[in-house]
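With compact mmCIF, C-alpha atoms and all ligand atoms inside, this is protein.txt:
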```
# COMPACT_ATOMS: atom_id res chain seq x y z
CA MET A 22 152.25 -9.94 222.27
CA HIS A 23 149.55 -10.86 219.83
CA GLU A 24 151.80 -11.43 216.84
CA LEU A 25 154.00 -13.86 218.75
CA GLY A 26 151.02 -16.23 219.02
CA VAL A 27 150.30 -15.72 215.34
CA ALA A 28 153.92 -16.45 214.43
CA GLN A 29 153.95 -19.62 216.56
CA GLN A 30 150.81 -20.85 214.87
CA MET A 31 152.20 -20.20 211.38
CA VAL A 32 155.53 -21.90 212.04
CA HIS A 33 153.70 -24.83 213.62
CA LEU A 34 151.38 -25.18 210.61
CA ALA A 35 154.26 -24.96 208.16
CA LEU A 36 156.33 -27.57 210.00
CA GLU A 37 153.34 -29.94 210.12
CA TYR A 38 152.79 -29.47 206.40
CA ALA A 39 156.47 -30.03 205.64
CA LYS A 40 156.48 -33.21 207.73
CA GLU A 41 153.43 -34.60 205.96
CA ASN A 42 155.15 -33.96 202.64
CA ASN A 43 158.52 -35.37 203.71
CA ALA A 44 160.21 -32.04 203.07
CA SER A 45 163.75 -31.48 204.27
CA LYS A 46 163.56 -27.72 204.20
CA ILE A 47 161.09 -24.86 204.15
CA THR A 48 162.43 -22.13 201.88
CA GLN A 49 159.68 -19.53 201.86
CA PHE A 50 156.62 -18.39 203.73
CA THR A 51 154.09 -16.10 202.06
CA ILE A 52 151.97 -14.35 204.64
CA GLU A 53 149.06 -12.03 204.15
CA MET A 54 148.63 -9.42 206.83
CA SER A 55 145.58 -7.19 206.96
CA GLN A 56 145.94 -3.43 206.76
CA ALA A 57 143.89 -3.39 209.97
CA VAL A 58 146.74 -4.90 211.94
CA ASP A 59 148.50 -2.32 214.00
CA GLU A 60 151.82 -4.13 213.97
CA SER A 61 154.75 -3.81 211.66
CA GLU A 62 155.84 -6.50 209.24
CA ASP A 63 159.28 -6.30 210.84
CA SER A 64 157.90 -7.29 214.21
CA LEU A 65 156.14 -10.35 212.81
CA ARG A 66 159.21 -11.26 210.74
CA PHE A 67 161.41 -11.05 213.82
CA HIS A 68 159.22 -13.53 215.69
CA LEU A 69 159.07 -15.87 212.70
CA GLU A 70 162.85 -15.88 212.26
CA THR A 71 163.36 -16.51 215.96
CA LEU A 72 160.88 -19.40 216.00
CA ALA A 73 162.29 -20.93 212.81
CA ARG A 74 165.78 -21.14 214.29
CA GLY A 75 166.80 -24.72 214.88
CA THR A 76 164.00 -26.11 212.69
CA ILE A 77 163.91 -27.00 208.98
CA ALA A 78 162.44 -23.54 208.40
CA GLU A 79 165.63 -21.83 209.52
CA GLY A 80 166.85 -19.38 206.87
CA ALA A 81 163.51 -19.28 205.04
CA GLN A 82 162.34 -16.10 203.36
CA PHE A 83 159.32 -14.46 204.94
CA ASP A 84 157.32 -12.60 202.36
CA ILE A 85 154.76 -10.53 204.24
CA GLN A 86 152.15 -8.80 202.13
CA ARG A 87 149.65 -6.23 203.27
CA VAL A 88 146.15 -6.95 202.05
CA PRO A 89 143.01 -4.80 202.17
CA VAL A 90 140.85 -4.88 205.27
CA HIS A 91 137.47 -6.55 205.05
CA LEU A 92 135.02 -4.28 206.77
CA HIS A 93 131.47 -4.70 207.92
CA CYS A 94 129.08 -1.77 208.27
CA LEU A 95 127.07 -1.89 211.49
CA LYS A 96 124.42 0.41 210.10
CA CYS A 97 123.43 -1.14 206.77
CA GLY A 98 125.22 -4.49 206.91
CA ASN A 99 127.34 -3.74 203.84
CA GLU A 100 130.61 -5.66 203.53
CA PHE A 101 133.50 -4.13 201.64
CA SER A 102 137.29 -3.97 201.43
CA GLN A 103 139.47 -0.95 202.02
CA ASP A 104 143.17 -0.31 202.20
CA TYR A 105 142.88 1.54 205.47
CA LEU A 106 140.76 1.67 208.54
CA GLY A 107 138.73 4.78 209.18
CA GLU A 108 136.93 4.79 205.84
CA ALA A 109 133.19 5.37 205.86
CA CYS A 110 130.80 2.83 204.39
CA PRO A 111 130.57 3.43 200.60
CA ASN A 112 126.91 2.46 200.68
CA CYS A 113 125.42 4.54 203.51
CA HIS A 114 128.44 6.71 204.46
CA SER A 115 128.21 5.62 208.07
CA ALA A 116 131.47 5.66 210.03
CA ARG A 117 130.29 2.74 212.12
CA VAL A 118 132.34 0.11 210.34
CA VAL A 119 134.30 -2.67 212.00
CA PRO A 120 137.03 -4.90 210.60
CA GLN A 121 136.42 -8.61 210.25
CA VAL A 122 139.11 -9.79 212.59
CA HIS A 123 139.25 -13.42 211.54
CA ASP A 124 141.45 -12.62 208.56
CA GLU A 125 144.05 -10.41 210.23
CA PHE A 126 146.83 -12.85 209.42
CA LYS A 127 146.90 -15.66 206.92
CA LEU A 128 149.59 -18.12 205.93
CA ALA A 129 148.96 -17.93 202.19
CA SER A 130 151.56 -20.44 201.04
CA ILE A 131 154.89 -22.06 201.81
CA GLU A 132 157.59 -23.51 199.61
CA ILE A 133 159.33 -26.70 200.59
CA GLU A 134 162.20 -28.76 199.27
ZN ZN B 1 126.68 1.12 205.52
```

How does the structure come out when it is put into structure tokens?
Amino acid sequence: MHELGVAQQMVHLALEYAKENNASKITQFTIEMSQAVDESEDSLRFHLETLARGTIAEGAQFDIQRVPVHLHCLKCGNEFSQDYLGEACPNCHSARVVPQVHDEFKLASIEIE
């Protein structure tokens, strides 16, 4: 599953960061998840909790926020943000818009102790 890889990457990043900062515990993850992602927050949270088990991130809060999709219009090149997929381009009204996939998931911040 796609979000398992994402979860592994986020936990890995957070643990590296915590190590560099001599943290003894990671208490919170804030994650931004694009509206374009066709997965539930619960699914991602489940993977994160499973991966955090046995590490200093065990028991951390996972705050997963849905953020607008960044879309790119294939017809006129317009770039815009929308809450949902399936919106037409506000500039030329073309339906040929594609999400910018590079920002599907983002580890926005973590809190360490
Ligand atoms: Zn357009």

Check: What do you get as an MDAnalysis selection string if you pick all residues at most 6 Å from ligand ZN 1 (chain B), counting only C-alpha atoms and all ligand atoms?
Finding: chainID A and resid 94 96:99 110 112:115

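CA of Gln82 (chain A) sits 19.1 Å away from CA of Glu60 (chain A).
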
Distance table requested - region 33-103 of chain A against region 120-131 of chain A, cut-off 12 Å, only C-alpha atoms: one row per qualifying residue with the closest atom pair and its distance in Å to one decimal, ordered by chain and rising residue number, as a Markdown table.
```
| residue | atom | partner | partner_atom | distance |
| --- | --- | --- | --- | --- |
| A:His33 | CA | A:Leu128 | CA | 11.0 |
| A:Leu34 | CA | A:Leu128 | CA | 8.7 |
| A:Ala35 | CA | A:Ile131 | CA | 7.0 |
| A:Leu36 | CA | A:Ile131 | CA | 10.0 |
| A:Glu37 | CA | A:Ile131 | CA | 11.6 |
| A:Tyr38 | CA | A:Ile131 | CA | 9.0 |
| A:Ala39 | CA | A:Ile131 | CA | 9.0 |
| A:Asn42 | CA | A:Ile131 | CA | 11.9 |
| A:Ala44 | CA | A:Ile131 | CA | 11.4 |
| A:Lys46 | CA | A:Ile131 | CA | 10.6 |
| A:Ile47 | CA | A:Ile131 | CA | 7.2 |
| A:Thr48 | CA | A:Ile131 | CA | 7.5 |
| A:Gln49 | CA | A:Ile131 | CA | 5.4 |
| A:Phe50 | CA | A:Ile131 | CA | 4.5 |
| A:Thr51 | CA | A:Ser130 | CA | 5.1 |
| A:Ile52 | CA | A:Leu128 | CA | 4.6 |
| A:Glu53 | CA | A:Lys127 | CA | 5.1 |
| A:Met54 | CA | A:Phe126 | CA | 4.7 |
| A:Ser55 | CA | A:Glu125 | CA | 4.8 |
| A:Gln56 | CA | A:Glu125 | CA | 8.0 |
| A:Ala57 | CA | A:Glu125 | CA | 7.0 |
| A:Val58 | CA | A:Glu125 | CA | 6.4 |
| A:Asp59 | CA | A:Glu125 | CA | 10.0 |
| A:Glu60 | CA | A:Glu125 | CA | 10.7 |
| A:Glu62 | CA | A:Phe126 | CA | 11.0 |
| A:Leu65 | CA | A:Phe126 | CA | 10.2 |
| A:Leu69 | CA | A:Leu128 | CA | 11.9 |
| A:Ala78 | CA | A:Ile131 | CA | 10.1 |
| A:Ala81 | CA | A:Ile131 | CA | 9.6 |
| A:Gln82 | CA | A:Ile131 | CA | 9.7 |
| A:Phe83 | CA | A:Ile131 | CA | 9.3 |
| A:Asp84 | CA | A:Ile131 | CA | 9.8 |
| A:Ile85 | CA | A:Leu128 | CA | 9.3 |
| A:Gln86 | CA | A:Ala129 | CA | 9.7 |
| A:Arg87 | CA | A:Phe126 | CA | 9.5 |
| A:Val88 | CA | A:Glu125 | CA | 9.1 |
| A:Pro89 | CA | A:Glu125 | CA | 9.9 |
| A:Val90 | CA | A:Pro120 | CA | 6.6 |
| A:His91 | CA | A:Gln121 | CA | 5.7 |
| A:Leu92 | CA | A:Pro120 | CA | 4.4 |
| A:His93 | CA | A:Pro120 | CA | 6.2 |
| A:Cys94 | CA | A:Pro120 | CA | 8.9 |
| A:Leu95 | CA | A:Pro120 | CA | 10.4 |
| A:Asn99 | CA | A:Pro120 | CA | 11.9 |
| A:Glu100 | CA | A:Gln121 | CA | 9.4 |
| A:Phe101 | CA | A:Pro120 | CA | 9.7 |
| A:Ser102 | CA | A:Pro120 | CA | 9.2 |
| A:Gln103 | CA | A:Pro120 | CA | 9.8 |
```

Selection to disk with C-alpha atoms, as a PDB file, keeping the file's coordinate frame:
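That gives us again.pdb:
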```pdb
ATOM      1  CA  HIS A  33     153.700 -24.830 213.620  1.00  0.00           C
ATOM      2  CA  LEU A  34     151.380 -25.180 210.610  1.00  0.00           C
ATOM      3  CA  ALA A  35     154.260 -24.960 208.160  1.00  0.00           C
ATOM      4  CA  LEU A  36     156.330 -27.570 210.000  1.00  0.00           C
ATOM      5  CA  GLU A  37     153.340 -29.940 210.120  1.00  0.00           C
ATOM      6  CA  TYR A  38     152.790 -29.470 206.400  1.00  0.00           C
ATOM      7  CA  ALA A  39     156.470 -30.030 205.640  1.00  0.00           C
ATOM      8  CA  ASN A  42     155.150 -33.960 202.640  1.00  0.00           C
ATOM      9  CA  ALA A  44     160.210 -32.040 203.070  1.00  0.00           C
ATOM     10  CA  LYS A  46     163.560 -27.720 204.200  1.00  0.00           C
ATOM     11  CA  ILE A  47     161.090 -24.860 204.150  1.00  0.00           C
ATOM     12  CA  THR A  48     162.430 -22.130 201.880  1.00  0.00           C
ATOM     13  CA  GLN A  49     159.680 -19.530 201.860  1.00  0.00           C
ATOM     14  CA  PHE A  50     156.620 -18.390 203.730  1.00  0.00           C
ATOM     15  CA  THR A  51     154.090 -16.100 202.060  1.00  0.00           C
ATOM     16  CA  ILE A  52     151.970 -14.350 204.640  1.00  0.00           C
ATOM     17  CA  GLU A  53     149.060 -12.030 204.150  1.00  0.00           C
ATOM     18  CA  MET A  54     148.630  -9.420 206.830  1.00  0.00           C
ATOM     19  CA  SER A  55     145.580  -7.190 206.960  1.00  0.00           C
ATOM     20  CA  GLN A  56     145.940  -3.430 206.760  1.00  0.00           C
ATOM     21  CA  ALA A  57     143.890  -3.390 209.970  1.00  0.00           C
ATOM     22  CA  VAL A  58     146.740  -4.900 211.940  1.00  0.00           C
ATOM     23  CA  ASP A  59     148.500  -2.320 214.000  1.00  0.00           C
ATOM     24  CA  GLU A  60     151.820  -4.130 213.970  1.00  0.00           C
ATOM     25  CA  GLU A  62     155.840  -6.500 209.240  1.00  0.00           C
ATOM     26  CA  LEU A  65     156.140 -10.350 212.810  1.00  0.00           C
ATOM     27  CA  LEU A  69     159.070 -15.870 212.700  1.00  0.00           C
ATOM     28  CA  ALA A  78     162.440 -23.540 208.400  1.00  0.00           C
ATOM     29  CA  ALA A  81     163.510 -19.280 205.040  1.00  0.00           C
ATOM     30  CA  GLN A  82     162.340 -16.100 203.360  1.00  0.00           C
ATOM     31  CA  PHE A  83     159.320 -14.460 204.940  1.00  0.00           C
ATOM     32  CA  ASP A  84     157.320 -12.600 202.360  1.00  0.00           C
ATOM     33  CA  ILE A  85     154.760 -10.530 204.240  1.00  0.00           C
ATOM     34  CA  GLN A  86     152.150  -8.800 202.130  1.00  0.00           C
ATOM     35  CA  ARG A  87     149.650  -6.230 203.270  1.00  0.00           C
ATOM     36  CA  VAL A  88     146.150  -6.950 202.050  1.00  0.00           C
ATOM     37  CA  PRO A  89     143.010  -4.800 202.170  1.00  0.00           C
ATOM     38  CA  VAL A  90     140.850  -4.880 205.270  1.00  0.00           C
ATOM     39  CA  HIS A  91     137.470  -6.550 205.050  1.00  0.00           C
ATOM     40  CA  LEU A  92     135.020  -4.280 206.770  1.00  0.00           C
ATOM     41  CA  HIS A  93     131.470  -4.700 207.920  1.00  0.00           C
ATOM     42  CA  CYS A  94     129.080  -1.770 208.270  1.00  0.00           C
ATOM     43  CA  LEU A  95     127.070  -1.890 211.490  1.00  0.00           C
ATOM     44  CA  ASN A  99     127.340  -3.740 203.840  1.00  0.00           C
ATOM     45  CA  GLU A 100     130.610  -5.660 203.530  1.00  0.00           C
ATOM     46  CA  PHE A 101     133.500  -4.130 201.640  1.00  0.00           C
ATOM     47  CA  SER A 102     137.290  -3.970 201.430  1.00  0.00           C
ATOM     48  CA  GLN A 103     139.470  -0.950 202.020  1.00  0.00           C
TER      49      GLN A 103
END
```

Notebook entry, point to check: Of the candidates A:Val32, A:Val119, A:Ile133, A:Leu25, which one gets nearest to His68 (chain A) if we count all atoms listed in the file?
Noted result: A:Leu25

Notebook entry, point to check: At what distance in Å, to one decimal, does CA of Val27 (chain A) lie from CA of Leu72 (chain A)?
Noted result: 11.2 Å

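One distance worth recording is that between CA of Thr76 (chain A) and CA of His23 (chain A), which is 22.2 Å.
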
Keeping N, CA and C atoms (and nothing else), can you write region 77-113 of chain A of this structure as an mmCIF file, in the first residue's frame?
```cif
data_model
loop_
_atom_site.group_PDB
_atom_site.id
_atom_site.type_symbol
_atom_site.label_atom_id
_atom_site.label_comp_id
_atom_site.auth_asym_id
_atom_site.auth_seq_id
_atom_site.Cartn_x
_atom_site.Cartn_y
_atom_site.Cartn_z
ATOM 1 N N ILE A 77 11.026 5.660 20.136
ATOM 2 C CA ILE A 77 10.747 6.794 21.018
ATOM 3 C C ILE A 77 9.510 7.574 20.569
ATOM 4 N N ALA A 78 8.960 7.205 19.436
ATOM 5 C CA ALA A 78 7.740 7.859 18.957
ATOM 6 C C ALA A 78 6.477 7.117 19.410
ATOM 7 N N GLU A 79 6.667 6.047 20.152
ATOM 8 C CA GLU A 79 5.506 5.287 20.609
ATOM 9 C C GLU A 79 4.624 6.163 21.497
ATOM 10 N N GLY A 80 3.317 6.143 21.242
ATOM 11 C CA GLY A 80 2.376 6.926 22.039
ATOM 12 C C GLY A 80 2.223 8.368 21.574
ATOM 13 N N ALA A 81 2.925 8.745 20.526
ATOM 14 C CA ALA A 81 2.810 10.121 20.009
ATOM 15 C C ALA A 81 1.411 10.364 19.440
ATOM 16 N N GLN A 82 1.032 11.641 19.426
ATOM 17 C CA GLN A 82 -0.225 12.028 18.781
ATOM 18 C C GLN A 82 0.058 12.250 17.301
ATOM 19 N N PHE A 83 -0.850 11.780 16.468
ATOM 20 C CA PHE A 83 -0.709 12.018 15.030
ATOM 21 C C PHE A 83 -1.835 12.938 14.592
ATOM 22 N N ASP A 84 -1.461 14.166 14.334
ATOM 23 C CA ASP A 84 -2.435 15.163 13.909
ATOM 24 C C ASP A 84 -2.379 15.248 12.384
ATOM 25 N N ILE A 85 -3.391 14.693 11.738
ATOM 26 C CA ILE A 85 -3.399 14.649 10.276
ATOM 27 C C ILE A 85 -4.412 15.649 9.743
ATOM 28 N N GLN A 86 -3.898 16.615 8.993
ATOM 29 C CA GLN A 86 -4.754 17.680 8.476
ATOM 30 C C GLN A 86 -4.897 17.569 6.980
ATOM 31 N N ARG A 87 -6.108 17.766 6.509
ATOM 32 C CA ARG A 87 -6.347 17.762 5.068
ATOM 33 C C ARG A 87 -6.090 19.159 4.520
ATOM 34 N N VAL A 88 -5.299 19.245 3.490
ATOM 35 C CA VAL A 88 -4.985 20.540 2.896
ATOM 36 C C VAL A 88 -5.463 20.568 1.450
ATOM 37 N N PRO A 89 -5.709 21.763 0.909
ATOM 38 C CA PRO A 89 -6.201 21.845 -0.471
ATOM 39 C C PRO A 89 -5.238 21.216 -1.472
ATOM 40 N N VAL A 90 -5.791 20.766 -2.554
ATOM 41 C CA VAL A 90 -5.002 20.162 -3.633
ATOM 42 C C VAL A 90 -4.417 21.270 -4.500
ATOM 43 N N HIS A 91 -3.168 21.122 -4.872
ATOM 44 C CA HIS A 91 -2.585 22.040 -5.850
ATOM 45 C C HIS A 91 -2.779 21.412 -7.221
ATOM 46 N N LEU A 92 -3.457 22.137 -8.072
ATOM 47 C CA LEU A 92 -3.800 21.604 -9.384
ATOM 48 C C LEU A 92 -3.126 22.401 -10.489
ATOM 49 N N HIS A 93 -2.932 21.708 -11.576
ATOM 50 C CA HIS A 93 -2.278 22.307 -12.744
ATOM 51 C C HIS A 93 -3.186 22.083 -13.945
ATOM 52 N N CYS A 94 -3.506 23.147 -14.657
ATOM 53 C CA CYS A 94 -4.371 23.031 -15.828
ATOM 54 C C CYS A 94 -3.529 22.690 -17.063
ATOM 55 N N LEU A 95 -3.913 21.608 -17.725
ATOM 56 C CA LEU A 95 -3.154 21.169 -18.905
ATOM 57 C C LEU A 95 -3.442 22.035 -20.120
ATOM 58 N N LYS A 96 -4.536 22.762 -20.075
ATOM 59 C CA LYS A 96 -4.906 23.561 -21.236
ATOM 60 C C LYS A 96 -4.218 24.932 -21.231
ATOM 61 N N CYS A 97 -4.358 25.656 -20.127
ATOM 62 C CA CYS A 97 -3.800 27.015 -20.110
ATOM 63 C C CYS A 97 -2.581 27.158 -19.197
ATOM 64 N N GLY A 98 -2.235 26.111 -18.460
ATOM 65 C CA GLY A 98 -1.056 26.176 -17.609
ATOM 66 C C GLY A 98 -1.293 26.841 -16.263
ATOM 67 N N ASN A 99 -2.540 27.199 -15.986
ATOM 68 C CA ASN A 99 -2.872 27.822 -14.711
ATOM 69 C C ASN A 99 -2.612 26.861 -13.547
ATOM 70 N N GLU A 100 -2.121 27.421 -12.426
ATOM 71 C CA GLU A 100 -1.951 26.617 -11.222
ATOM 72 C C GLU A 100 -2.814 27.196 -10.132
ATOM 73 N N PHE A 101 -3.549 26.340 -9.449
ATOM 74 C CA PHE A 101 -4.488 26.824 -8.435
ATOM 75 C C PHE A 101 -4.716 25.750 -7.379
ATOM 76 N N SER A 102 -5.363 26.139 -6.293
ATOM 77 C CA SER A 102 -5.653 25.197 -5.211
ATOM 78 C C SER A 102 -7.152 25.025 -5.066
ATOM 79 N N GLN A 103 -7.548 23.798 -4.793
ATOM 80 C CA GLN A 103 -8.966 23.511 -4.587
ATOM 81 C C GLN A 103 -9.095 22.539 -3.433
ATOM 82 N N ASP A 104 -10.263 22.523 -2.828
ATOM 83 C CA ASP A 104 -10.496 21.563 -1.757
ATOM 84 C C ASP A 104 -10.742 20.158 -2.284
ATOM 85 N N TYR A 105 -11.240 20.063 -3.485
ATOM 86 C CA TYR A 105 -11.572 18.757 -4.031
ATOM 87 C C TYR A 105 -11.086 18.607 -5.446
ATOM 88 N N LEU A 106 -10.889 17.361 -5.816
ATOM 89 C CA LEU A 106 -10.587 17.071 -7.214
ATOM 90 C C LEU A 106 -11.862 17.193 -8.018
ATOM 91 N N GLY A 107 -11.720 17.321 -9.321
ATOM 92 C CA GLY A 107 -12.895 17.347 -10.174
ATOM 93 C C GLY A 107 -13.391 18.748 -10.449
ATOM 94 N N GLU A 108 -12.691 19.758 -9.926
ATOM 95 C CA GLU A 108 -13.060 21.137 -10.206
ATOM 96 C C GLU A 108 -12.471 21.538 -11.554
ATOM 97 N N ALA A 109 -13.178 22.385 -12.267
ATOM 98 C CA ALA A 109 -12.650 22.886 -13.538
ATOM 99 C C ALA A 109 -11.680 24.031 -13.255
ATOM 100 N N CYS A 110 -10.838 24.309 -14.214
ATOM 101 C CA CYS A 110 -9.896 25.423 -14.097
ATOM 102 C C CYS A 110 -10.667 26.741 -13.976
ATOM 103 N N PRO A 111 -10.376 27.567 -12.962
ATOM 104 C CA PRO A 111 -11.106 28.828 -12.806
ATOM 105 C C PRO A 111 -10.760 29.843 -13.892
ATOM 106 N N ASN A 112 -9.678 29.620 -14.570
ATOM 107 C CA ASN A 112 -9.228 30.553 -15.609
ATOM 108 C C ASN A 112 -9.892 30.269 -16.965
ATOM 109 N N CYS A 113 -9.797 29.015 -17.432
ATOM 110 C CA CYS A 113 -10.301 28.700 -18.772
ATOM 111 C C CYS A 113 -11.467 27.710 -18.740
#
```
